Amino acid sequence: MPEHSEPTALATASTPVRVIRAAAPDDLFTVTTIFAHYVASTLITFMETAPTTGEWRQKLDGIAERGLPFLVAEEDGEIVGFAYASPWRMQDAYRYTVENSVYLAPGRTGRGLGRALLTALLAACEAAGVRQVVAVIADCDNDASPALHRRLGFRDAGRLTAVGHKRGHWLDTLLMQLDLSGGSARPGGLGVPDGALGPEGPAAGA
Ligand SMILES: CC(C)(COP(=O)(O)OP(=O)(O)OC[C@H]1O[C@@H](n2cnc3c(N)ncnc32)[C@H](O)[C@@H]1OP(=O)(O)O)[C@@H](O)C(=O)NCCC(=O)NCCS
């Protein structure tokens with residue numbers, strides 16, 4: 001497993017014990033519940049039907065097969081948020097670019113948890129050989145998400161106008177992008193098919 005499987009813990013006398021670690025199948029019921037809240041009650045996600053726990057299992061497995069991170073945050077042993085990186089587009093040449101997602105349980109926002117979770121996710125992406133991270137953010141009075149991404153170095157990359165329609169609202173998406181390549185021309189270590197990039201590509205996935 002990549003480095004992100006090692007949990008990190010942070011606690012002080014006045015704060016809960018916080019652990020950020022790789023997600024496990026047993027975490028997915030809570031992941032399902034957290035995300036279902038945003039599907040049903042907000043415009044933050046464009047999904048209108050919440051995925052089942054079985055569908056989250058398929059996503060977790062697919063992300064793991066690609067060597068990408070799917071992390072959860074625990075506070076005092078309770079799953080209170082999750083973040084994952086998934087392929088940005090399915091065409092082969094996008095193999096070093098991911099889209100990130102981060103969601104906290106309602107009532108757990110605004111206390112630095114999102115920053116901690118996304119920071120850990122980005123570190124895991126970098127370790128996995130990801131070069132570009134794209135955030136697709138619904139423009140729906142959700143100030144926290146653009147603020148969080150800007151804080152962690154994402155740059156504005158454009159706006160798609162009225163591409164979503166949910167609960168009677170036409171919705172724009174803000175695109176934000178983080179360059180993890182450090183200016184290097186060399187591909188990283190993502191688990192891509194052997195030979196997929198030709199002779200200069202990675203001989204084997206990480
Ligand atoms: C978006 C989300 C993950 C951010 O996590 P969070 O724990 O609430 O944010 P943090 O407390 O870590 O704050 C991160 C930064 O954003 C800023 N920020 C947070 N909420 C903000 C708000 N409502 N308005 C403006 N800035 C905000 C903070 O000042 C902080 O900057 P700092 O570290 O320099 O002080 C969380 O609010 C969430 O899960 N929201 C609902 C789901 C969602 O929108 N997911 C993203 C989908 S693209």
# chains A, B, ... in the order shown; residues from 1 in each chain; ligands from 1
call {"tool": "residues_around", "arguments": {"residues": "Arg115 (chain A)", "least_positions_apart": "2", "cutoff": "10 Å", "atoms": "only C-alpha atoms", "output": "list in words"}}
result
Val102, Gly110, Arg111, Gly112, Leu113, Leu117, Leu118, Thr119, Ala120, Leu121, Ser145, Ala147, Leu148, His149, Arg151 and Leu152 of chain A
call {"tool": "select_by_dssp", "arguments": {"residues": "region 63-201 of chain A", "states": "helix (DSSP H, G or I)", "output": "PyMOL selection string"}}
result
chain A and resi 63-65+92-94+113-128+144-151
call {"tool": "residues_near_ligand", "arguments": {"ligand": "ligand 1", "cutoff": "10 Å", "atoms": "only C-alpha atoms and all ligand atoms", "output": "NGL selection string"}}
result
:A and (34-35 or 37-38 or 42-45 or 80-83 or 99-119 or 135-152 or 173-176)
call {"tool": "write_last_selection", "arguments": {"atoms": "C-alpha atoms", "output": "mmCIF file, in the first residue's frame"}}
result
data_model
loop_
_atom_site.group_PDB
_atom_site.id
_atom_site.type_symbol
_atom_site.label_atom_id
_atom_site.label_comp_id
_atom_site.auth_asym_id
_atom_site.auth_seq_id
_atom_site.Cartn_x
_atom_site.Cartn_y
_atom_site.Cartn_z
ATOM 1 C CA ILE A 34 -22.580 11.672 5.055
ATOM 2 C CA PHE A 35 -22.780 11.980 1.283
ATOM 3 C CA HIS A 37 -27.071 14.384 3.259
ATOM 4 C CA TYR A 38 -25.410 16.542 0.592
ATOM 5 C CA THR A 42 -27.815 20.783 -0.941
ATOM 6 C CA LEU A 43 -26.724 21.808 -4.412
ATOM 7 C CA ILE A 44 -23.063 21.049 -3.578
ATOM 8 C CA THR A 45 -23.160 17.775 -5.488
ATOM 9 C CA VAL A 80 -16.655 12.398 10.352
ATOM 10 C CA GLY A 81 -15.428 12.969 6.819
ATOM 11 C CA PHE A 82 -13.862 11.472 3.754
ATOM 12 C CA ALA A 83 -11.833 12.470 0.728
ATOM 13 C CA GLU A 99 -10.406 14.966 -9.506
ATOM 14 C CA ASN A 100 -10.551 15.365 -5.751
ATOM 15 C CA SER A 101 -13.614 15.136 -3.520
ATOM 16 C CA VAL A 102 -13.905 16.025 0.168
ATOM 17 C CA TYR A 103 -16.990 15.904 2.385
ATOM 18 C CA LEU A 104 -17.410 16.352 6.124
ATOM 19 C CA ALA A 105 -20.322 15.264 8.253
ATOM 20 C CA PRO A 106 -22.765 18.105 8.904
ATOM 21 C CA GLY A 107 -21.740 19.888 12.090
ATOM 22 C CA ARG A 108 -18.039 19.053 11.648
ATOM 23 C CA THR A 109 -17.204 21.921 9.305
ATOM 24 C CA GLY A 110 -15.261 25.095 9.997
ATOM 25 C CA ARG A 111 -12.756 23.591 12.465
ATOM 26 C CA GLY A 112 -9.815 22.812 10.235
ATOM 27 C CA LEU A 113 -10.846 19.232 9.525
ATOM 28 C CA GLY A 114 -11.356 19.790 5.799
ATOM 29 C CA ARG A 115 -7.925 21.352 5.537
ATOM 30 C CA ALA A 116 -6.331 18.420 7.382
ATOM 31 C CA LEU A 117 -8.147 15.840 5.253
ATOM 32 C CA LEU A 118 -7.425 17.490 1.910
ATOM 33 C CA THR A 119 -3.792 18.097 2.899
ATOM 34 C CA ALA A 135 -11.607 20.370 -8.150
ATOM 35 C CA VAL A 136 -15.073 20.806 -9.651
ATOM 36 C CA ILE A 137 -17.043 23.021 -7.292
ATOM 37 C CA ALA A 138 -20.729 23.825 -7.667
ATOM 38 C CA ASP A 139 -21.231 27.575 -7.432
ATOM 39 C CA CYS A 140 -24.060 27.502 -4.900
ATOM 40 C CA ASP A 141 -23.121 29.888 -2.063
ATOM 41 C CA ASN A 142 -20.628 27.312 -0.841
ATOM 42 C CA ASP A 143 -17.798 29.609 0.226
ATOM 43 C CA ALA A 144 -15.932 26.977 2.238
ATOM 44 C CA SER A 145 -14.882 24.756 -0.647
ATOM 45 C CA PRO A 146 -13.269 27.434 -2.883
ATOM 46 C CA ALA A 147 -11.620 28.933 0.218
ATOM 47 C CA LEU A 148 -10.216 25.579 1.278
ATOM 48 C CA HIS A 149 -8.866 24.786 -2.180
ATOM 49 C CA ARG A 150 -7.287 28.249 -2.585
ATOM 50 C CA ARG A 151 -5.637 27.884 0.821
ATOM 51 C CA LEU A 152 -4.017 24.655 -0.330
ATOM 52 C CA THR A 173 -19.204 24.893 -11.784
ATOM 53 C CA LEU A 174 -15.929 26.467 -10.754
ATOM 54 C CA LEU A 175 -12.865 24.573 -11.900
ATOM 55 C CA MET A 176 -9.778 24.792 -9.723
#
call {"tool": "residues_around", "arguments": {"residues": "Ala40 (chain A)", "least_positions_apart": "4", "cutoff": "8 Å", "atoms": "only C-alpha atoms", "output": "list in words"}}
result
Ala36, Glu48, Thr49 and Ala50 of chain A
call {"tool": "atom_distance", "arguments": {"atom1": "CA of Phe29 (chain A)", "atom2": "CA of Tyr84 (chain A)"}}
result
15.8 Å
call {"tool": "residues_around", "arguments": {"residues": "Trp170 (chain A)", "least_positions_apart": "5", "cutoff": "10 Å", "atoms": "only C-alpha atoms", "output": "number ranges by chain"}}
result
A: 139-140, 161-165
